[in-house]
Structures are given as structure tokens and as C-alpha cells.
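A.B. asks: Handing you a structure now.
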Amino acid sequence: QHDSQPQEGNAPTHRWYPGQIVRDQHRLSVSPDAHPGRYRIAVGVYLLSTGERLPLTDHHGQILDDKALLMEIDVNEE
């Protein structure tokens, strides 16, 4: 897990507008003792003041989840 403000604080969410793409880079590493298997990489947004995760909604406003799946990776034994 890794938490940080968007673009290291240079893209605060109060400046975002609907449909805008906000690019943000994060370096992830796999622990050497991680069990082999398939792992999901997901992203979520939360209120800094409360830690409350914000909902992910579709274009109709229906709540889908509290995170978005970005990809899955396979970790193999070495």
C-alpha cells in the first residue's frame, strides 16, 4: 500500500473537473517473501481529514465500489 496526495500535492482534488485525467506515478515493489499468486493493483481516493474512502460511481451516479481496479499481476516463485 502507498498513500500520497495527487502529484505530490501539486494537483489538489478541489481543482479537478469532471472528465479530467489526472496522471500520477507511484513505484510499487513486491516483497521478497510474497506468496506466489495473482495480485490486484487498485486505486482509491479518501478524505484526508477522516480517512473515509470516496465512492466510485458510474456516469449515472450509481455507486460501483470504493476503489478502481487498475491491473492484475502474477507473482511467481524464483
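Following the order of the C-alpha cells, chains are lettered A, B, ..., residues in each are numbered from 1, and ligands are numbered from 1.
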What's around A:Tyr39 at 8 Å? Count only C-alpha atoms, leave out sequence neighbours fewer than 6 positions away in its own chain, and write the answer as a PyMOL selection string.
C.D. replies: chain A and resi 72-75
A.B. asks: Using only C-alpha atoms, determine which residues lie at most 7 Å from stretch 42-48 of chain A, disregarding the query and same-chain residues fewer than 6 positions distant; provide the list as a list in words.
C.D. replies: Leu54, Asp66, Lys67, Ala68, Leu69 and Leu70 of chain A
A.B. asks: Create the file for the chosen residues now, containing all heavy atoms and written as an mmCIF file, in the first residue's frame.
C.D. replies:
data_model
loop_
_atom_site.group_PDB
_atom_site.id
_atom_site.type_symbol
_atom_site.label_atom_id
_atom_site.label_comp_id
_atom_site.auth_asym_id
_atom_site.auth_seq_id
_atom_site.Cartn_x
_atom_site.Cartn_y
_atom_site.Cartn_z
ATOM 1 N N LEU A 54 -13.858 7.493 -0.661
ATOM 2 C CA LEU A 54 -14.900 8.058 -1.504
ATOM 3 C C LEU A 54 -15.410 7.016 -2.489
ATOM 4 O O LEU A 54 -14.647 6.167 -2.959
ATOM 5 C CB LEU A 54 -14.372 9.280 -2.249
ATOM 6 C CG LEU A 54 -13.880 10.425 -1.361
ATOM 7 C CD1 LEU A 54 -13.329 11.550 -2.217
ATOM 8 C CD2 LEU A 54 -14.977 10.920 -0.454
ATOM 9 N N ASP A 66 -15.583 1.271 -3.880
ATOM 10 C CA ASP A 66 -14.816 2.357 -3.263
ATOM 11 C C ASP A 66 -13.374 2.372 -3.778
ATOM 12 O O ASP A 66 -12.513 3.023 -3.218
ATOM 13 C CB ASP A 66 -14.853 2.267 -1.738
ATOM 14 C CG ASP A 66 -14.120 1.060 -1.177
ATOM 15 O OD1 ASP A 66 -13.713 0.175 -1.965
ATOM 16 O OD2 ASP A 66 -13.940 0.994 0.052
ATOM 17 N N LYS A 67 -13.139 1.606 -4.850
ATOM 18 C CA LYS A 67 -11.819 1.583 -5.476
ATOM 19 C C LYS A 67 -11.969 1.179 -6.929
ATOM 20 O O LYS A 67 -12.987 0.616 -7.327
ATOM 21 C CB LYS A 67 -10.896 0.603 -4.759
ATOM 22 C CG LYS A 67 -11.405 -0.822 -4.788
ATOM 23 C CD LYS A 67 -10.606 -1.682 -3.853
ATOM 24 C CE LYS A 67 -11.284 -3.004 -3.558
ATOM 25 N NZ LYS A 67 -12.583 -2.891 -2.919
ATOM 26 N N ALA A 68 -10.940 1.474 -7.722
ATOM 27 C CA ALA A 68 -10.925 1.084 -9.137
ATOM 28 C C ALA A 68 -9.766 0.122 -9.358
ATOM 29 O O ALA A 68 -8.628 0.411 -8.973
ATOM 30 C CB ALA A 68 -10.755 2.311 -10.029
ATOM 31 N N LEU A 69 -10.055 -1.019 -9.963
ATOM 32 C CA LEU A 69 -9.028 -1.994 -10.289
ATOM 33 C C LEU A 69 -8.240 -1.489 -11.492
ATOM 34 O O LEU A 69 -8.806 -1.174 -12.532
ATOM 35 C CB LEU A 69 -9.660 -3.351 -10.605
ATOM 36 C CG LEU A 69 -8.701 -4.463 -10.995
ATOM 37 C CD1 LEU A 69 -7.766 -4.799 -9.842
ATOM 38 C CD2 LEU A 69 -9.482 -5.694 -11.427
ATOM 39 N N LEU A 70 -6.921 -1.394 -11.335
ATOM 40 C CA LEU A 70 -6.062 -0.937 -12.430
ATOM 41 C C LEU A 70 -5.523 -2.098 -13.242
ATOM 42 O O LEU A 70 -5.474 -2.045 -14.463
ATOM 43 C CB LEU A 70 -4.893 -0.119 -11.885
ATOM 44 C CG LEU A 70 -5.240 1.158 -11.132
ATOM 45 C CD1 LEU A 70 -3.957 1.839 -10.661
ATOM 46 C CD2 LEU A 70 -6.066 2.090 -11.989
#
A.B. asks: Can you list, as an NGL selection string, all residues belonging to chain A that DSSP tags as strand (DSSP E)?
C.D. replies: :A and (37-43 or 56-57 or 63-65 or 68-75)
A.B. asks: Which of these residues is nearest to A:His35, using only C-alpha atoms: A:Gln1, A:Pro6, A:Asn76, A:Leu64?
C.D. replies: A:Asn76
A.B. asks: So which one's closest to A:Gln25, A:His60, A:Asp65, A:Pro12, A:Gln7? Using only C-alpha atoms, please.
C.D. replies: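 With only C-alpha atoms as the atom set, the closest residue is A:Gln7.
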